[in-house]
file start-v4.cif (mmCIF, C-alpha atoms and all ligand atoms)
data_my_file
loop_
_atom_site.group_PDB
_atom_site.id
_atom_site.type_symbol
_atom_site.label_atom_id
_atom_site.label_comp_id
_atom_site.auth_asym_id
_atom_site.auth_seq_id
_atom_site.Cartn_x
_atom_site.Cartn_y
_atom_site.Cartn_z
ATOM 1 C CA MET H 1 0.000 0.000 0.000
ATOM 2 C CA ILE H 2 1.346 3.470 -0.872
ATOM 3 C CA ARG H 3 0.791 5.841 2.022
ATOM 4 C CA PRO H 4 0.282 9.568 1.373
ATOM 5 C CA ALA H 5 3.426 11.472 2.347
ATOM 6 C CA VAL H 6 3.816 13.322 5.643
ATOM 7 C CA HIS H 7 5.733 16.637 5.579
ATOM 8 C CA ASP H 8 6.851 18.944 8.349
ATOM 9 C CA SER H 9 6.267 22.115 6.283
ATOM 10 C CA ILE H 10 4.217 23.255 3.276
ATOM 11 C CA THR H 11 7.511 24.460 1.739
ATOM 12 C CA LYS H 12 8.468 20.806 1.179
ATOM 13 C CA LEU H 13 5.659 20.523 -1.374
ATOM 14 C CA VAL H 14 7.233 22.963 -3.841
ATOM 15 C CA GLY H 15 8.256 21.434 -7.187
ATOM 16 C CA ASN H 16 7.939 17.895 -8.547
ATOM 17 C CA THR H 17 4.769 18.920 -10.372
ATOM 18 C CA PRO H 18 2.948 16.514 -12.708
ATOM 19 C CA LEU H 19 3.663 16.513 -16.442
ATOM 20 C CA LEU H 20 0.293 16.407 -18.222
ATOM 21 C CA ARG H 21 -0.381 15.216 -21.756
ATOM 22 C CA VAL H 22 -2.217 17.879 -23.783
ATOM 23 C CA ARG H 23 -4.295 16.400 -26.606
ATOM 24 C CA LEU H 24 -5.617 19.572 -28.224
ATOM 25 C CA PHE H 25 -3.533 19.267 -31.395
ATOM 26 C CA GLU H 26 -3.396 15.460 -31.580
ATOM 27 C CA GLU H 27 -5.931 15.008 -34.371
ATOM 28 C CA ARG H 28 -4.062 17.363 -36.687
ATOM 29 C CA TYR H 29 -0.578 16.266 -35.640
ATOM 30 C CA PRO H 30 -0.728 12.594 -34.539
ATOM 31 C CA ASP H 31 3.073 12.263 -34.454
ATOM 32 C CA LEU H 32 3.510 15.144 -32.047
ATOM 33 C CA GLU H 33 3.341 14.588 -28.293
ATOM 34 C CA VAL H 34 2.582 17.704 -26.232
ATOM 35 C CA TYR H 35 3.089 17.867 -22.473
ATOM 36 C CA ALA H 36 2.711 20.665 -19.940
ATOM 37 C CA LYS H 37 4.171 21.062 -16.459
ATOM 38 C CA ALA H 38 1.091 21.663 -14.285
ATOM 39 C CA GLU H 39 2.597 24.321 -12.056
ATOM 40 C CA TRP H 40 -0.629 25.137 -10.230
ATOM 41 C CA PHE H 41 0.071 21.936 -8.254
ATOM 42 C CA ASN H 42 2.621 23.949 -6.266
ATOM 43 C CA PRO H 43 1.220 24.892 -2.823
ATOM 44 C CA GLY H 44 0.922 28.611 -3.699
ATOM 45 C CA GLY H 45 -0.822 27.697 -6.946
ATOM 46 C CA SER H 46 1.872 28.805 -9.392
ATOM 47 C CA VAL H 47 5.320 28.239 -10.839
ATOM 48 C CA LYS H 48 6.595 31.163 -8.761
ATOM 49 C CA ASP H 49 6.748 29.056 -5.582
ATOM 50 C CA ARG H 50 9.917 27.543 -6.978
ATOM 51 C CA ALA H 51 11.757 30.839 -7.417
ATOM 52 C CA ALA H 52 10.438 32.433 -4.208
ATOM 53 C CA LEU H 53 11.494 29.493 -2.032
ATOM 54 C CA ALA H 54 14.888 29.243 -3.752
ATOM 55 C CA MET H 55 15.618 32.977 -3.296
ATOM 56 C CA ILE H 56 14.503 32.963 0.361
ATOM 57 C CA GLU H 57 16.574 29.888 1.200
ATOM 58 C CA ASP H 58 19.558 31.342 -0.662
ATOM 59 C CA GLY H 59 19.177 34.527 1.440
ATOM 60 C CA GLU H 60 19.075 32.431 4.627
ATOM 61 C CA ARG H 61 22.219 30.555 3.620
ATOM 62 C CA ARG H 62 24.100 33.770 2.786
ATOM 63 C CA GLY H 63 22.979 35.417 6.032
ATOM 64 C CA ALA H 64 21.247 38.222 4.062
ATOM 65 C CA LEU H 65 17.820 37.167 5.375
ATOM 66 C CA THR H 66 17.578 37.257 9.158
ATOM 67 C CA PRO H 67 14.401 37.163 11.321
ATOM 68 C CA ASP H 68 14.462 40.964 11.843
ATOM 69 C CA ARG H 69 14.299 41.731 8.119
ATOM 70 C CA VAL H 70 11.173 42.232 6.023
ATOM 71 C CA ILE H 71 11.061 40.404 2.685
ATOM 72 C CA VAL H 72 10.253 43.034 0.025
ATOM 73 C CA ASP H 73 9.958 42.752 -3.760
ATOM 74 C CA SER H 74 7.973 43.932 -6.751
ATOM 75 C CA THR H 75 5.626 41.400 -8.260
ATOM 76 C CA SER H 76 2.732 41.298 -10.671
ATOM 77 C CA GLY H 77 1.049 38.815 -8.377
ATOM 78 C CA ASN H 78 2.127 35.189 -8.408
ATOM 79 C CA THR H 79 5.562 35.796 -6.903
ATOM 80 C CA GLY H 80 3.852 37.896 -4.238
ATOM 81 C CA ILE H 81 1.542 35.046 -3.314
ATOM 82 C CA ALA H 82 4.545 32.737 -3.192
ATOM 83 C CA TYR H 83 6.588 35.105 -0.975
ATOM 84 C CA ALA H 84 3.550 35.645 1.269
ATOM 85 C CA LEU H 85 3.022 31.904 1.686
ATOM 86 C CA MET H 86 6.719 31.130 2.275
ATOM 87 C CA GLY H 87 6.998 34.089 4.677
ATOM 88 C CA ALA H 88 4.013 32.818 6.682
ATOM 89 C CA ALA H 89 5.398 29.275 6.728
ATOM 90 C CA LYS H 90 8.887 30.400 7.771
ATOM 91 C CA GLY H 91 7.938 33.291 10.103
ATOM 92 C CA TYR H 92 9.079 36.338 8.080
ATOM 93 C CA ARG H 93 7.208 39.607 7.492
ATOM 94 C CA VAL H 94 6.514 40.274 3.791
ATOM 95 C CA ARG H 95 5.841 43.601 1.975
ATOM 96 C CA LEU H 96 4.928 43.501 -1.713
ATOM 97 C CA VAL H 97 4.899 46.240 -4.323
ATOM 98 C CA MET H 98 2.513 45.539 -7.187
ATOM 99 C CA PRO H 99 0.621 47.432 -9.886
ATOM 100 C CA ALA H 100 -2.753 48.594 -8.520
ATOM 101 C CA ASN H 101 -4.659 46.791 -11.270
ATOM 102 C CA VAL H 102 -3.608 43.168 -10.542
ATOM 103 C CA SER H 103 -6.555 40.804 -10.152
ATOM 104 C CA SER H 104 -8.552 40.962 -6.922
ATOM 105 C CA GLU H 105 -7.970 37.243 -6.293
ATOM 106 C CA ARG H 106 -4.236 37.970 -6.093
ATOM 107 C CA LYS H 107 -4.699 40.877 -3.714
ATOM 108 C CA GLN H 108 -6.944 38.793 -1.453
ATOM 109 C CA LEU H 109 -4.591 35.812 -1.414
ATOM 110 C CA ILE H 110 -1.662 38.009 -0.415
ATOM 111 C CA ALA H 111 -3.723 39.552 2.398
ATOM 112 C CA ALA H 112 -4.838 36.081 3.538
ATOM 113 C CA PHE H 113 -1.211 35.097 4.187
ATOM 114 C CA GLY H 114 -0.737 38.247 6.269
ATOM 115 C CA ALA H 115 1.538 40.102 3.834
ATOM 116 C CA GLU H 116 1.365 43.858 3.305
ATOM 117 C CA ALA H 117 0.657 45.290 -0.162
ATOM 118 C CA VAL H 118 2.011 48.587 -1.526
ATOM 119 C CA TYR H 119 0.420 49.635 -4.821
ATOM 120 C CA SER H 120 2.256 51.296 -7.712
ATOM 121 C CA ASP H 121 0.614 53.050 -10.660
ATOM 122 C CA GLY H 122 -1.309 50.450 -12.691
ATOM 123 C CA LEU H 123 -0.519 52.263 -15.925
ATOM 124 C CA GLU H 124 3.216 51.760 -15.353
ATOM 125 C CA GLY H 125 2.799 47.950 -15.132
ATOM 126 C CA SER H 126 5.489 45.791 -13.569
ATOM 127 C CA ASP H 127 8.192 48.372 -14.336
ATOM 128 C CA GLY H 128 6.413 50.922 -12.117
ATOM 129 C CA ALA H 129 6.450 48.373 -9.284
ATOM 130 C CA ILE H 130 10.170 47.737 -9.842
ATOM 131 C CA ARG H 131 10.945 51.462 -9.625
ATOM 132 C CA LEU H 132 8.906 51.865 -6.427
ATOM 133 C CA VAL H 133 10.466 48.894 -4.601
ATOM 134 C CA ARG H 134 13.929 50.225 -5.448
ATOM 135 C CA GLU H 135 12.978 53.544 -3.833
ATOM 136 C CA LEU H 136 11.716 51.804 -0.676
ATOM 137 C CA VAL H 137 14.875 49.736 -0.321
ATOM 138 C CA ALA H 138 17.168 52.719 -1.029
ATOM 139 C CA GLU H 139 15.475 54.670 1.808
ATOM 140 C CA HIS H 140 15.954 51.903 4.431
ATOM 141 C CA PRO H 141 18.304 49.179 3.186
ATOM 142 C CA GLU H 142 18.844 47.872 6.735
ATOM 143 C CA ARG H 143 15.151 46.990 7.126
ATOM 144 C CA TYR H 144 14.723 44.751 4.126
ATOM 145 C CA PHE H 145 15.688 41.538 2.407
ATOM 146 C CA TYR H 146 15.176 42.356 -1.270
ATOM 147 C CA PRO H 147 15.484 39.163 -3.336
ATOM 148 C CA ASP H 148 15.073 41.135 -6.621
ATOM 149 C CA GLN H 149 13.569 38.320 -8.657
ATOM 150 C CA TYR H 150 14.576 39.941 -11.974
ATOM 151 C CA ASN H 151 18.281 39.882 -11.138
ATOM 152 C CA ASN H 152 18.702 37.019 -8.662
ATOM 153 C CA PRO H 153 20.501 33.944 -10.052
ATOM 154 C CA ALA H 154 18.673 31.773 -7.477
ATOM 155 C CA ASN H 155 15.488 32.342 -9.556
ATOM 156 C CA PRO H 156 16.649 30.563 -12.748
ATOM 157 C CA MET H 157 18.660 28.137 -10.587
ATOM 158 C CA ALA H 158 15.378 26.879 -9.079
ATOM 159 C CA HIS H 159 14.346 25.850 -12.592
ATOM 160 C CA TYR H 160 17.753 24.499 -13.535
ATOM 161 C CA LEU H 161 17.727 22.238 -10.481
ATOM 162 C CA GLY H 162 13.948 21.630 -10.483
ATOM 163 C CA THR H 163 11.817 22.192 -13.591
ATOM 164 C CA GLY H 164 14.525 21.264 -16.130
ATOM 165 C CA ARG H 165 15.658 18.154 -14.256
ATOM 166 C CA GLU H 166 12.059 17.053 -13.734
ATOM 167 C CA ILE H 167 11.248 17.437 -17.453
ATOM 168 C CA LEU H 168 14.226 15.272 -18.382
ATOM 169 C CA GLU H 169 13.169 12.632 -15.848
ATOM 170 C CA GLN H 170 9.463 12.741 -16.706
ATOM 171 C CA THR H 171 10.041 12.435 -20.470
ATOM 172 C CA GLU H 172 12.936 9.993 -19.946
ATOM 173 C CA GLY H 173 15.088 12.382 -21.967
ATOM 174 C CA ARG H 174 12.745 12.266 -25.010
ATOM 175 C CA VAL H 175 11.932 16.004 -25.037
ATOM 176 C CA THR H 176 12.768 17.591 -28.414
ATOM 177 C CA HIS H 177 11.239 21.087 -28.020
ATOM 178 C CA PHE H 178 10.724 23.398 -25.051
ATOM 179 C CA VAL H 179 8.294 26.330 -25.043
ATOM 180 C CA ALA H 180 7.808 28.776 -22.151
ATOM 181 C CA GLY H 181 6.617 32.302 -21.473
ATOM 182 C CA LEU H 182 8.841 35.154 -20.287
ATOM 183 C CA GLY H 183 8.095 37.110 -17.113
ATOM 184 C CA THR H 184 11.216 37.491 -15.019
ATOM 185 C CA THR H 185 12.571 34.941 -17.554
ATOM 186 C CA GLY H 186 13.583 32.640 -14.680
ATOM 187 C CA THR H 187 11.454 29.688 -15.795
ATOM 188 C CA PHE H 188 12.644 29.802 -19.381
ATOM 189 C CA THR H 189 16.296 30.552 -18.664
ATOM 190 C CA GLY H 190 16.879 27.971 -15.934
ATOM 191 C CA THR H 191 14.941 25.199 -17.653
ATOM 192 C CA ALA H 192 16.419 25.821 -21.112
ATOM 193 C CA ARG H 193 19.931 25.898 -19.632
ATOM 194 C CA ARG H 194 19.408 22.470 -18.073
ATOM 195 C CA LEU H 195 17.834 20.991 -21.221
ATOM 196 C CA LYS H 196 20.541 22.370 -23.547
ATOM 197 C CA GLU H 197 23.247 21.054 -21.241
ATOM 198 C CA HIS H 198 21.668 17.597 -21.553
ATOM 199 C CA ASP H 199 21.209 17.872 -25.338
ATOM 200 C CA PRO H 200 22.064 21.070 -27.265
ATOM 201 C CA SER H 201 19.723 20.009 -30.091
ATOM 202 C CA ILE H 202 16.622 20.485 -27.893
ATOM 203 C CA HIS H 203 14.912 23.419 -29.620
ATOM 204 C CA THR H 204 13.833 26.237 -27.299
ATOM 205 C CA ILE H 205 11.156 28.863 -27.927
ATOM 206 C CA ALA H 206 10.572 31.775 -25.538
ATOM 207 C CA VAL H 207 7.159 33.444 -25.640
ATOM 208 C CA GLN H 208 6.454 37.099 -24.858
ATOM 209 C CA PRO H 209 3.351 39.214 -25.558
ATOM 210 C CA ASP H 210 3.320 40.572 -29.112
ATOM 211 C CA ASP H 211 2.740 44.126 -27.911
ATOM 212 C CA ALA H 212 3.538 46.420 -25.000
ATOM 213 C CA PHE H 213 -0.203 46.769 -24.286
ATOM 214 C CA HIS H 214 -1.334 43.217 -23.750
ATOM 215 C CA GLY H 215 -3.618 41.179 -21.531
ATOM 216 C CA LEU H 216 -1.231 38.348 -20.725
ATOM 217 C CA GLU H 217 -0.769 38.846 -16.989
ATOM 218 C CA GLY H 218 2.554 37.451 -15.815
ATOM 219 C CA LEU H 219 4.342 37.917 -19.146
ATOM 220 C CA LYS H 220 6.664 40.753 -20.155
ATOM 221 C CA HIS H 221 7.160 42.453 -23.531
ATOM 222 C CA LEU H 222 10.959 42.659 -23.447
ATOM 223 C CA PRO H 223 11.529 45.274 -26.211
ATOM 224 C CA THR H 224 9.610 47.881 -24.166
ATOM 225 C CA ALA H 225 10.386 46.690 -20.614
ATOM 226 C CA ILE H 226 13.252 46.837 -18.134
ATOM 227 C CA VAL H 227 15.162 43.769 -19.320
ATOM 228 C CA PRO H 228 15.798 41.339 -16.419
ATOM 229 C CA GLY H 229 19.454 40.814 -15.544
ATOM 230 C CA ILE H 230 18.901 37.028 -15.495
ATOM 231 C CA TRP H 231 17.685 36.976 -19.131
ATOM 232 C CA ASP H 232 20.081 34.941 -21.277
ATOM 233 C CA GLU H 233 19.119 35.367 -24.893
ATOM 234 C CA SER H 234 21.638 32.763 -26.043
ATOM 235 C CA LEU H 235 19.413 30.018 -24.572
ATOM 236 C CA ALA H 236 16.462 30.875 -26.838
ATOM 237 C CA ASP H 237 16.603 29.500 -30.367
ATOM 238 C CA GLU H 238 13.593 31.703 -31.085
ATOM 239 C CA VAL H 239 11.542 34.375 -29.291
ATOM 240 C CA TRP H 240 7.923 34.629 -30.422
ATOM 241 C CA GLY H 241 5.296 37.282 -29.695
ATOM 242 C CA ALA H 242 1.904 35.875 -28.699
ATOM 243 C CA PRO H 243 -1.333 37.790 -29.415
ATOM 244 C CA THR H 244 -3.698 38.284 -26.470
ATOM 245 C CA GLU H 245 -7.103 37.239 -27.822
ATOM 246 C CA PRO H 246 -6.031 33.962 -29.523
ATOM 247 C CA ALA H 247 -4.177 33.074 -26.301
ATOM 248 C CA TYR H 248 -7.374 33.635 -24.267
ATOM 249 C CA GLU H 249 -9.330 31.509 -26.721
ATOM 250 C CA LEU H 250 -6.863 28.619 -26.389
ATOM 251 C CA ALA H 251 -7.070 28.844 -22.584
ATOM 252 C CA ARG H 252 -10.873 28.573 -22.843
ATOM 253 C CA THR H 253 -10.632 25.684 -25.309
ATOM 254 C CA VAL H 254 -8.279 23.587 -23.193
ATOM 255 C CA ALA H 255 -10.596 24.087 -20.208
ATOM 256 C CA ARG H 256 -13.656 22.913 -22.155
ATOM 257 C CA ARG H 257 -12.018 20.094 -24.059
ATOM 258 C CA GLU H 258 -9.534 18.706 -21.528
ATOM 259 C CA GLY H 259 -10.630 19.861 -18.096
ATOM 260 C CA LEU H 260 -7.541 22.027 -17.663
ATOM 261 C CA LEU H 261 -8.548 25.354 -16.112
ATOM 262 C CA VAL H 262 -5.462 27.399 -16.932
ATOM 263 C CA GLY H 263 -4.388 31.051 -16.748
ATOM 264 C CA HIS H 264 -3.763 33.521 -19.583
ATOM 265 C CA SER H 265 -0.067 32.794 -19.943
ATOM 266 C CA CYS H 266 -0.844 29.089 -20.510
ATOM 267 C CA GLY H 267 -2.951 30.196 -23.470
ATOM 268 C CA ALA H 268 0.065 32.082 -24.812
ATOM 269 C CA ALA H 269 2.212 28.956 -24.423
ATOM 270 C CA LEU H 270 -0.427 26.920 -26.274
ATOM 271 C CA TRP H 271 -0.515 29.507 -29.064
ATOM 272 C CA ALA H 272 3.238 28.962 -29.537
ATOM 273 C CA VAL H 273 2.910 25.167 -29.309
ATOM 274 C CA GLU H 274 0.239 25.201 -32.042
ATOM 275 C CA ARG H 275 2.442 27.314 -34.317
ATOM 276 C CA LEU H 276 5.394 25.017 -33.647
ATOM 277 C CA ALA H 277 3.244 21.929 -34.291
ATOM 278 C CA ALA H 278 2.279 23.241 -37.733
ATOM 279 C CA ARG H 279 5.958 23.610 -38.565
ATOM 280 C CA VAL H 280 7.520 20.419 -37.175
ATOM 281 C CA GLU H 281 4.546 17.982 -37.054
ATOM 282 C CA ARG H 282 6.523 15.471 -34.984
ATOM 283 C CA GLY H 283 8.469 15.402 -31.750
ATOM 284 C CA VAL H 284 7.996 15.680 -27.982
ATOM 285 C CA VAL H 285 7.080 19.238 -27.013
ATOM 286 C CA VAL H 286 7.139 20.294 -23.377
ATOM 287 C CA THR H 287 5.699 23.566 -22.146
ATOM 288 C CA VAL H 288 4.973 25.112 -18.763
ATOM 289 C CA PHE H 289 1.489 26.043 -17.508
ATOM 290 C CA PRO H 290 2.403 28.630 -14.832
ATOM 291 C CA ASP H 291 -0.926 28.889 -13.006
ATOM 292 C CA SER H 292 -4.614 28.086 -12.931
ATOM 293 C CA GLY H 293 -7.590 29.928 -14.402
ATOM 294 C CA ASP H 294 -9.375 30.192 -11.070
ATOM 295 C CA ARG H 295 -6.951 33.019 -10.291
ATOM 296 C CA TYR H 296 -8.506 35.069 -13.131
ATOM 297 C CA LEU H 297 -12.235 34.486 -12.766
ATOM 298 C CA SER H 298 -12.843 38.149 -11.879
ATOM 299 C CA THR H 299 -11.015 39.290 -15.038
ATOM 300 C CA GLY H 300 -13.669 37.628 -17.190
ATOM 301 C CA LEU H 301 -11.285 35.160 -18.868
ATOM 302 C CA TYR H 302 -13.879 32.403 -18.504
ATOM 303 C CA ARG H 303 -17.039 34.463 -18.554
ATOM 304 C CA THR H 304 -19.433 32.932 -21.060
ATOM 305 C CA ARG H 305 -20.601 35.315 -23.714
ATOM 306 C CA PRO H 306 -24.302 36.178 -23.902
HETATM 307 C C1 LIG H 401 1.056 33.679 -14.791
HETATM 308 C C2 LIG H 401 2.511 33.734 -15.067
HETATM 309 N N1 LIG H 401 2.972 33.201 -16.173
HETATM 310 C C3 LIG H 401 4.288 33.229 -16.482
HETATM 311 C C4 LIG H 401 5.209 33.819 -15.661
HETATM 312 C C5 LIG H 401 6.637 33.870 -16.094
HETATM 313 O O1 LIG H 401 7.522 33.194 -15.267
HETATM 314 P P1 LIG H 401 8.993 33.733 -15.072
HETATM 315 O O2 LIG H 401 8.925 34.894 -14.123
HETATM 316 O O3 LIG H 401 9.740 32.591 -14.481
HETATM 317 O O4 LIG H 401 9.529 34.151 -16.390
HETATM 318 C C6 LIG H 401 4.763 34.396 -14.501
HETATM 319 C C7 LIG H 401 5.680 35.092 -13.629
HETATM 320 O O5 LIG H 401 5.346 35.914 -12.810
HETATM 321 C C8 LIG H 401 3.387 34.358 -14.181
HETATM 322 O O6 LIG H 401 2.895 34.933 -13.060
#

call {"tool": "encode", "arguments": {"input": "start-v4.cif", "output": "structure tokens"}}
result
Amino acid sequence: MIRPAVHDSITKLVGNTPLLRVRLFEERYPDLEVYAKAEWFNPGGSVKDRAALAMIEDGERRGALTPDRVIVDSTSGNTGIAYALMGAAKGYRVRLVMPANVSSERKQLIAAFGAEAVYSDGLEGSDGAIRLVRELVAEHPERYFYPDQYNNPANPMAHYLGTGREILEQTEGRVTHFVAGLGTTGTFTGTARRLKEHDPSIHTIAVQPDDAFHGLEGLKHLPTAIVPGIWDESLADEVWGAPTEPAYELARTVARREGLLVGHSCGAALWAVERLAARVERGVVVTVFPDSGDRYLSTGLYRTRP
């Protein structure tokens, strides 16, 4: 009999997410296998648990994070939830700077874990939040532990040691293509680095929104944004721009047809997978589904049309 595991902390449940077969394109491309890492199985409900835990534990090891310090960072939402959860589990205070227009589910989740929110101008997006957190830290550097997810090597390292290794294990090394969205770029960079180290012929495609004004929460349009220090362009064979509305439609379709209630950025990943499928028609494609659609119900992503 296999007994369910017993853990001494919720933080032990981060990573080792399931790899799910996605059958949406199977009829058209029977020789193509598509899989997605179901990152909403992380305890905080998103891929960002991996990076948040890795950066906090790296800070503890280096002595930069001590019990008297407040964890502070800018986040468009999922990293904030992850910091808030890890902070609650480990006994740290957490202060998060985010654009005022992030979804109400995200704001409520952060409050539920006892973290404090500071809002930046919604029109300035994630860059406005980055500028504001830098001001806060510059005023009182002694008060804070500022992981700086855009420039902290522990962020991609979480994916190098976790996501990338897991994909190789779960596909038994059969993966031929890797597709992932760009936010801080940690997921793509760390995972692609691990996959390319294993086999340089694994083809990697990074996905960003196709325009500065987009509706793909969690993703960043690099040509018009502050480029993250951890971004390593050499790991991307191609960078594609995903359109918002077709990405939403794919998110809705995969919910209806496969029972996968996914977030916007998963729709963008699927848009890229479909385009890739039309080109290659065969292979083992792995992508990452960063979070679940229940985090976006108030945004209307799944509202049925009259
Ligand atoms: C919903 C969603 N998708 C994708 C990403 C991108 O992940 P990364 O920051 O590792 O590039 C994020 C990051 O915040 C996210 O919240």

call {"tool": "resolve_selection", "arguments": {"input": "start-v4.cif", "expression": "the PyMOL selection byres (((chain H and resi 273) around 12) and not hetatm)", "output": "PyMOL selection string"}}
result
chain H and resi 22-26+29+32-36+177-181+204-207+240+242+247+250+266-272+274-289

call {"tool": "axis_aligned_box", "arguments": {"input": "start-v4.cif", "around": "ligand LIG 401 (chain H)", "padding_each_side": "4 Å", "output": "lines of an AutoDock Vina configuration file"}}
result
center_x = 5.4
center_y = 34.3
center_z = -14.6
size_x = 16.7
size_y = 11.3
size_z = 11.7

call {"tool": "atom_distance", "arguments": {"input": "start-v4.cif", "atom1": "atom CA of Glu57 of chain H", "atom2": "atom CA of Glu197 of chain H"}}
result
25.0 Å

call {"tool": "residues_near_point", "arguments": {"input": "start-v4.cif", "point": "(9.9, 43.0, 1.6)", "cutoff": "8 Å", "atoms": "only C-alpha atoms", "output": "list in words"}}
result
Arg69, Val70, Ile71, Val72, Asp73, Arg93, Val94, Arg95, Leu96, Tyr144, Phe145 and Tyr146 of chain H

call {"tool": "resolve_selection", "arguments": {"input": "start-v4.cif", "expression": "the PyMOL selection byres (((chain H and resi 121) around 12) and not hetatm)", "output": "VMD selection string"}}
result
chain H and resid 76 97 to 102 118 to 120 122 to 132
